[in-house]
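> See structure-v2.pdb below, with PDB, C-alpha atoms.
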```pdb
ATOM      1  CA  MET S  19      29.287  48.080 151.642
ATOM      2  CA  ASN S  20      32.191  46.344 149.909
ATOM      3  CA  LYS S  21      32.786  42.673 150.546
ATOM      4  CA  THR S  22      36.180  41.430 151.707
ATOM      5  CA  LEU S  23      37.558  37.895 151.799
ATOM      6  CA  THR S  24      40.683  36.915 153.720
ATOM      7  CA  LEU S  25      42.356  33.546 153.169
ATOM      8  CA  PHE S  26      44.975  32.013 155.467
ATOM      9  CA  LEU S  27      47.516  29.647 153.884
ATOM     10  CA  ASN S  28      50.031  27.772 156.024
ATOM     11  CA  THR S  29      50.907  24.708 153.939
ATOM     12  CA  SER S  30      53.642  24.289 151.348
ATOM     13  CA  PRO S  31      52.700  24.418 147.675
ATOM     14  CA  TYR S  32      52.843  20.774 146.632
ATOM     15  CA  ASN S  33      52.183  18.634 149.711
ATOM     16  CA  TYR S  34      48.445  19.296 149.778
ATOM     17  CA  GLU S  35      45.841  20.803 147.483
ATOM     18  CA  ASN S  36      45.421  23.756 149.841
ATOM     19  CA  SER S  37      47.466  26.117 147.660
ATOM     20  CA  TYR S  38      45.487  25.247 144.542
ATOM     21  CA  THR S  39      42.222  25.640 146.463
ATOM     22  CA  ALA S  40      43.317  29.047 147.772
ATOM     23  CA  MET S  41      44.187  30.096 144.206
ATOM     24  CA  LYS S  42      40.784  29.059 142.892
ATOM     25  CA  ILE S  43      38.870  30.732 145.732
ATOM     26  CA  ALA S  44      40.898  33.931 145.329
ATOM     27  CA  GLU S  45      40.346  33.922 141.577
ATOM     28  CA  ALA S  46      36.585  33.448 141.973
ATOM     29  CA  ALA S  47      36.384  36.254 144.535
ATOM     30  CA  LEU S  48      38.427  38.646 142.400
ATOM     31  CA  ASP S  49      36.235  37.855 139.387
ATOM     32  CA  ARG S  50      33.267  38.971 141.506
ATOM     33  CA  ASP S  51      34.989  42.224 142.525
ATOM     34  CA  ILE S  52      35.434  41.080 146.115
ATOM     35  CA  GLU S  53      38.461  42.600 147.833
ATOM     36  CA  THR S  54      40.658  39.576 148.498
ATOM     37  CA  HIS S  55      43.547  39.159 150.920
ATOM     38  CA  LEU S  56      45.786  36.168 151.484
ATOM     39  CA  VAL S  57      47.908  35.737 154.594
ATOM     40  CA  ALA S  58      50.711  33.188 154.192
ATOM     41  CA  SER S  59      52.427  31.876 157.290
ATOM     42  CA  ALA S  60      54.777  29.015 158.221
ATOM     43  CA  ASP S  61      55.214  26.725 155.179
ATOM     44  CA  GLY S  62      52.702  28.839 153.267
ATOM     45  CA  VAL S  63      55.423  31.365 152.437
ATOM     46  CA  TYR S  64      57.064  28.739 150.189
ATOM     47  CA  ASN S  65      54.211  29.313 147.745
ATOM     48  CA  PHE S  66      55.871  32.615 146.869
ATOM     49  CA  LEU S  67      59.403  31.375 146.157
ATOM     50  CA  LYS S  68      60.379  31.319 142.508
ATOM     51  CA  GLY S  69      61.544  28.002 141.144
ATOM     52  CA  GLN S  70      59.320  25.746 143.247
ATOM     53  CA  LYS S  71      58.535  22.631 141.238
ATOM     54  CA  GLY S  72      55.573  20.345 141.639
ATOM     55  CA  SER S  73      54.236  17.273 139.949
ATOM     56  CA  GLY S  74      52.194  18.695 137.102
ATOM     57  CA  LEU S  75      50.722  21.542 139.147
ATOM     58  CA  PRO S  76      51.072  25.183 138.128
ATOM     59  CA  HIS S  77      54.070  26.916 139.653
ATOM     60  CA  ALA S  78      52.565  28.447 142.768
ATOM     61  CA  ALA S  79      54.624  31.649 142.735
ATOM     62  CA  ASP S  80      53.743  32.342 139.101
ATOM     63  CA  ARG S  81      50.053  31.680 139.645
ATOM     64  CA  PHE S  82      49.879  33.820 142.780
ATOM     65  CA  LYS S  83      51.694  36.601 140.866
ATOM     66  CA  GLU S  84      48.946  36.497 138.237
ATOM     67  CA  LEU S  85      46.348  36.804 140.980
ATOM     68  CA  MET S  86      48.254  39.665 142.584
ATOM     69  CA  ASP S  87      48.196  41.433 139.232
ATOM     70  CA  LYS S  88      44.395  41.026 139.314
ATOM     71  CA  GLY S  89      44.230  42.619 142.767
ATOM     72  CA  LEU S  90      45.009  39.932 145.339
ATOM     73  CA  LYS S  91      46.669  41.477 148.375
ATOM     74  CA  VAL S  92      49.259  39.220 150.039
ATOM     75  CA  ASP S  93      50.861  39.417 153.469
ATOM     76  CA  LEU S  94      53.760  37.105 154.327
TER      77      LEU S  94
END
```
Starting from the file, give its structure as structure tokens.


Amino acid sequence: MNKTLTLFLNTSPYNYENSYTAMKIAEAALDRDIETHLVASADGVYNFLKGQKGSGLPHAADRFKELMDKGLKVDL
């Protein structure tokens, strides 16, 4: 039986560390061949807008794109 992980993200990219934590959890799951889904709702959709700028943090949209290329499935 295949394992599946679903993450729910509803905070904006740079107000909390939630986005970064979701990225790291998703990356770890994908590295272990776990099917990984992320559902973004409310302010969480701002993580997927190009051009978001944060204080020294990776650009959320770019980082999530990299994870999507590795197999992360995203629903907005």

> Dump as a ChimeraX atom specification all residues having an atom at most 12 Å from (34.3, 37.9, 144.2), computed in the file's coordinates with only C-alpha atoms.

/S:20-24,42-55,88-90

> Between atom CA of Lys91 of chain S and atom CA of Tyr34 of chain S, what is the spacing in Å?

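Interatomic distance, atom CA of Tyr34 of chain S to atom CA of Lys91 of chain S: 22.3 Å.
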
> In Å, rounded to a single decimal, give me how far atom CA of His77 of chain S is from atom CA of Tyr32 of chain S.

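Atom-to-atom, atom CA of Tyr32 of chain S and atom CA of His77 of chain S are spaced 9.4 Å apart.
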
> Quick one: residues within 8 Å of Ser30 of chain S, all atoms listed in the file counted, chain neighbours fewer than 3 positions away excluded, as a list in words?

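Surrounding residues, per the criterion: Asn33, Tyr34, Ser37, Asp61, Gly62, Val63, Tyr64 and Asn65 of chain S.
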
> Once the PyMOL selection byres ((chain S and resi 66) around 9) is applied to the coordinates I shared, what remains selected? I want it as a ChimeraX atom specification.

/S:31,58,62-65,67-68,70,78-80,82-83,94

> Please write the residues from the selection above to a file, keeping C-alpha atoms, as a short mmCIF file (atom, residue, chain, number, x, y, z; two decimals), in the frame of the given file.


```
data_model
loop_
_atom_site.label_atom_id
_atom_site.label_comp_id
_atom_site.auth_asym_id
_atom_site.auth_seq_id
_atom_site.Cartn_x
_atom_site.Cartn_y
_atom_site.Cartn_z
CA PRO S 31 52.70 24.42 147.68
CA ALA S 58 50.71 33.19 154.19
CA GLY S 62 52.70 28.84 153.27
CA VAL S 63 55.42 31.36 152.44
CA TYR S 64 57.06 28.74 150.19
CA ASN S 65 54.21 29.31 147.74
CA LEU S 67 59.40 31.38 146.16
CA LYS S 68 60.38 31.32 142.51
CA GLN S 70 59.32 25.75 143.25
CA ALA S 78 52.56 28.45 142.77
CA ALA S 79 54.62 31.65 142.74
CA ASP S 80 53.74 32.34 139.10
CA PHE S 82 49.88 33.82 142.78
CA LYS S 83 51.69 36.60 140.87
CA LEU S 94 53.76 37.10 154.33
#
```

> As an exercise, work out the distance from atom CA of Asp93 of chain S to atom CA of Gly69 of chain S in Å and give it to one decimal place.

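Computing the Euclidean distance for atom CA of Asp93 of chain S and atom CA of Gly69 of chain S yields 19.9 Å.
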
> Might I get the box with edges along x, y and z of the file that holds all atoms of segment 44-60 of chain S listed there, padded by 5 Å on every side, given as centre and edge lengths in Å to one decimal, as AutoDock Vina command-line options?


```
--center_x 44.0 --center_y 35.8 --center_z 148.8 --size_x 31.5 --size_y 23.6 --size_z 28.8
```
